[in-house]
Amino acid sequence: MDKLKQLIQSLTDEKFEKIIGHRRHIHQHPELSFQEHKTSDYVADELKKLGIPFKQGYAGTGIVATIEGTGKGKTVALRADMDALPIQEETSLPFASVNKGVMHACGHDAHTSALLGAAEILSTLKEHWKGTVLLIFQPGEEMFPGGAGLMLKEGALDDPKPDLVIGQHVLPDMPAGHVGFKPGMYMASGDEVYLTVKGKGGHAALPHTLNDTILIASSIIVALQQIVSRIVPASIPTVLSFGKIEGLGATNIIPEKVEIAGTLRTMNEEWRIIIQNKIKEIAEGTAKAMGAECEVDIKHGYPVVHNHEQSTKDALTFAREFLDPKNVEEMDIRMTAEDFGYYTHRFPSVFYRFGVGQKNGKTGALHTPRLNINEESLKTATEMLSWLAVRFLNQ
């Protein structure tokens with residue numbers, strides 16, 4: 001294994017400028033979810049140069065490529081997402097986005113370039129491992145219904161079926177060169193909650209002649225907060241937050257309609273359904289008790305990301321074999337959501353973080369115009385995908 005480790009390190013060093021080139025090209029030409037046509041074609045062209053067979057067109061722009069090792073064995077899938085966000089970049093980088101209002105502000109450019117780097121390394125070293133590696137270049141992680149679920153529905157991983165799916169994600173708060181793992185439940189489900197309170201509006205000076213939709217909406221929000229504090233068991237991490245309330249009245253006008261929008265996050269799929277039903281029951285009941293009505297629309301979003309316990313513990317051990325053990329961290333849960341959750345509910349899966357923090361501390365945050373990752377992190381990201389794949393295949 002020491003020889004294989006050295007080969008991966010040596011090849012990554014040799015290909016590092018090329019990997020950076022991939023990242024800068026993709027960063028400069030970002031595309032929104034399910035519109036990644038040029039990105040998909042760029043990936044396809046690189047796979048052709050490497051002689052790696054692939055199928056393009058899953059969920060519109062998705063790609064699944066296949067590398068066969070020497071001899072029969074297990075199948076490991078490596079996943080990277082390709083889409084960008086509707087954000088105007090403010091980094092002033094020489095390779096900043098040329099597409100107005102679109103930016104790789106979540107690191108998917110790093111994910112894709114690292115997987116292209118791993119593809120070249122694994123293809124070069126295929127006599128050193130047995131089995132099959134699938135390379136998943138996925139569209140639409142940032143937009144519901146999510147490219148992961150769509151690719152699975154289209155049979156992208158039906159033949160061969162992977163024994164393990166591995167994915168990674170940038171983490172600006174973690175120094176470059178570090179990685180982090182969390183066995184078991186890791187990231188929350190993500191549902192969108194839309195409530196519309198309807199009643200009789202009118203003059204604010206005559207509240208007895210109408211339904212105070214503003215007061216009713218406020219009462220519903222307060223009542224719904226009791227779901228987390230008084231209904232859901234404390235052992236199940238849950239967040240119910242409302243970020244928008246819109247009632248187009250005035251100082252002296254009570255509107256006939258108030259719209260509320262929020263998000264539901266939880267770490268338990270069974271309780272997720274219970275909470276959704278409770279939201280509907282409480283919102284409708286509160287409005288009715290106050291003489292109005294409330295329409296409830298809950299968009300069932302991404303599922304919980306649940307890392308396979310033993311595989312993630314193994315991955316943590318393998319990472320410590322490759323990196324300085326002090327650079328391999330054990331993570332806490334995150335209440336953010338990821339469509340990688342769809343893979344975790346179909347196959348044993350491992351989803352982990354790699355640090356992209358700049359030494360000067362000016363990395364920026366995810367989903368902001370000033371995200372600027374440390375490109376040295378691409379070396380760790382490429383090495384980890386390659387190493388984890390061969391370690392699991394040769395296990």
# chains A, B, ... in the order shown; residues from 1 in each chain; ligands from 1

$ select_by_dssp --residues "range 2-169 of chain A" --states "helix (DSSP H, G or I)" --output "PyMOL selection string"
chain A and resi 2-28+37-50+108-124+126-128+147-153

$ residues_around --residues "range 369-378 of chain A" --least-positions-apart "4" --cutoff "8 Å" --atoms "only C-alpha atoms" --output "count of residues only"
28

$ closest_residue --among "A:Asp163, A:Glu329, A:Asp212, A:Glu270" --to "Pro348 in chain A" --atoms "only C-alpha atoms"
A:Asp163

$ residues_around --residues "range 300-310 of chain A" --least-positions-apart "5" --cutoff "8 Å" --atoms "only C-alpha atoms" --output "PyMOL selection string"
chain A and resi 144-146+182-192+266-269+337-342+344-345+348-351

$ residues_around --residues "Val102 in chain A" --least-positions-apart "3" --cutoff "12 Å" --atoms "only C-alpha atoms" --output "NGL selection string"
:A and (26-33 or 35-36 or 83-90 or 96-99 or 105-106 or 367-369)

$ closest_residue --among "A:Asp2, A:Glu330, A:Glu154, A:Asp297" --to "Gly262 in chain A" --atoms "only C-alpha atoms"
A:Asp297

$ residues_around --residues "range 271-283 of chain A" --least-positions-apart "4" --cutoff "10 Å" --atoms "only C-alpha atoms" --output "NGL selection string"
:A and (189-191 or 193 or 195-197 or 216-217 or 219-221 or 223-228 or 231-233 or 236 or 238 or 240 or 264-267 or 287-288 or 293-300 or 303-304)

$ residues_around --residues "range 54-68 of chain A" --least-positions-apart "3" --cutoff "9 Å" --atoms "only C-alpha atoms" --output "ChimeraX atom specification"
/A:34-37,39-41,43-44,47-48,71-72,81-82,119,122-123,126,129-140,147-148,150-152,154-157

$ write_last_selection --atoms "C-alpha atoms" --output "PDB file, in the first residue's frame"
ATOM      1  CA  PHE A  34     -29.692  21.645 -15.283  1.00  0.00           C
ATOM      2  CA  GLN A  35     -28.081  24.087 -17.750  1.00  0.00           C
ATOM      3  CA  GLU A  36     -24.541  22.662 -17.478  1.00  0.00           C
ATOM      4  CA  HIS A  37     -24.255  21.906 -21.209  1.00  0.00           C
ATOM      5  CA  THR A  39     -19.479  22.025 -18.525  1.00  0.00           C
ATOM      6  CA  SER A  40     -20.772  18.579 -19.428  1.00  0.00           C
ATOM      7  CA  ASP A  41     -19.158  18.802 -22.866  1.00  0.00           C
ATOM      8  CA  VAL A  43     -15.918  16.888 -18.992  1.00  0.00           C
ATOM      9  CA  ALA A  44     -16.818  14.611 -21.902  1.00  0.00           C
ATOM     10  CA  LEU A  47     -12.750  11.775 -20.642  1.00  0.00           C
ATOM     11  CA  LYS A  48     -12.309  11.140 -24.376  1.00  0.00           C
ATOM     12  CA  GLY A  71      -9.528  -8.393 -12.393  1.00  0.00           C
ATOM     13  CA  LYS A  72     -13.083  -8.653 -11.122  1.00  0.00           C
ATOM     14  CA  ASP A  81     -21.709  17.957  -8.921  1.00  0.00           C
ATOM     15  CA  MET A  82     -21.287  20.494 -11.738  1.00  0.00           C
ATOM     16  CA  ALA A 119     -10.132   9.816 -13.209  1.00  0.00           C
ATOM     17  CA  LEU A 122      -7.123   5.810 -11.420  1.00  0.00           C
ATOM     18  CA  SER A 123      -6.962   5.109 -15.147  1.00  0.00           C
ATOM     19  CA  LYS A 126      -5.583   0.493 -13.016  1.00  0.00           C
ATOM     20  CA  TRP A 129      -6.517  -2.229  -8.270  1.00  0.00           C
ATOM     21  CA  LYS A 130      -9.326  -4.612  -9.118  1.00  0.00           C
ATOM     22  CA  GLY A 131     -13.002  -4.035  -9.758  1.00  0.00           C
ATOM     23  CA  THR A 132     -14.791  -1.040 -11.279  1.00  0.00           C
ATOM     24  CA  VAL A 133     -14.831   2.693 -10.633  1.00  0.00           C
ATOM     25  CA  LEU A 134     -17.831   4.728 -11.763  1.00  0.00           C
ATOM     26  CA  LEU A 135     -17.387   8.471 -12.194  1.00  0.00           C
ATOM     27  CA  ILE A 136     -20.605  10.445 -11.652  1.00  0.00           C
ATOM     28  CA  PHE A 137     -20.614  14.009 -12.981  1.00  0.00           C
ATOM     29  CA  GLN A 138     -23.976  15.199 -11.734  1.00  0.00           C
ATOM     30  CA  PRO A 139     -26.129  18.194 -12.658  1.00  0.00           C
ATOM     31  CA  GLY A 140     -28.537  20.189 -10.559  1.00  0.00           C
ATOM     32  CA  GLY A 147     -29.849  15.801 -10.192  1.00  0.00           C
ATOM     33  CA  ALA A 148     -28.971  12.865  -7.933  1.00  0.00           C
ATOM     34  CA  LEU A 150     -33.179  12.153 -11.372  1.00  0.00           C
ATOM     35  CA  MET A 151     -30.040  10.248 -12.402  1.00  0.00           C
ATOM     36  CA  LEU A 152     -31.027   7.351 -10.136  1.00  0.00           C
ATOM     37  CA  GLU A 154     -33.052   7.141 -15.088  1.00  0.00           C
ATOM     38  CA  GLY A 155     -31.004   4.093 -14.126  1.00  0.00           C
ATOM     39  CA  ALA A 156     -27.586   5.748 -14.136  1.00  0.00           C
ATOM     40  CA  LEU A 157     -26.332   3.356 -11.431  1.00  0.00           C
TER      41      LEU A 157
END

$ closest_residue --among "A:Val165, A:Ala205, A:Leu4, A:Leu50" --to "Val390 in chain A" --atoms "only C-alpha atoms"
A:Leu4
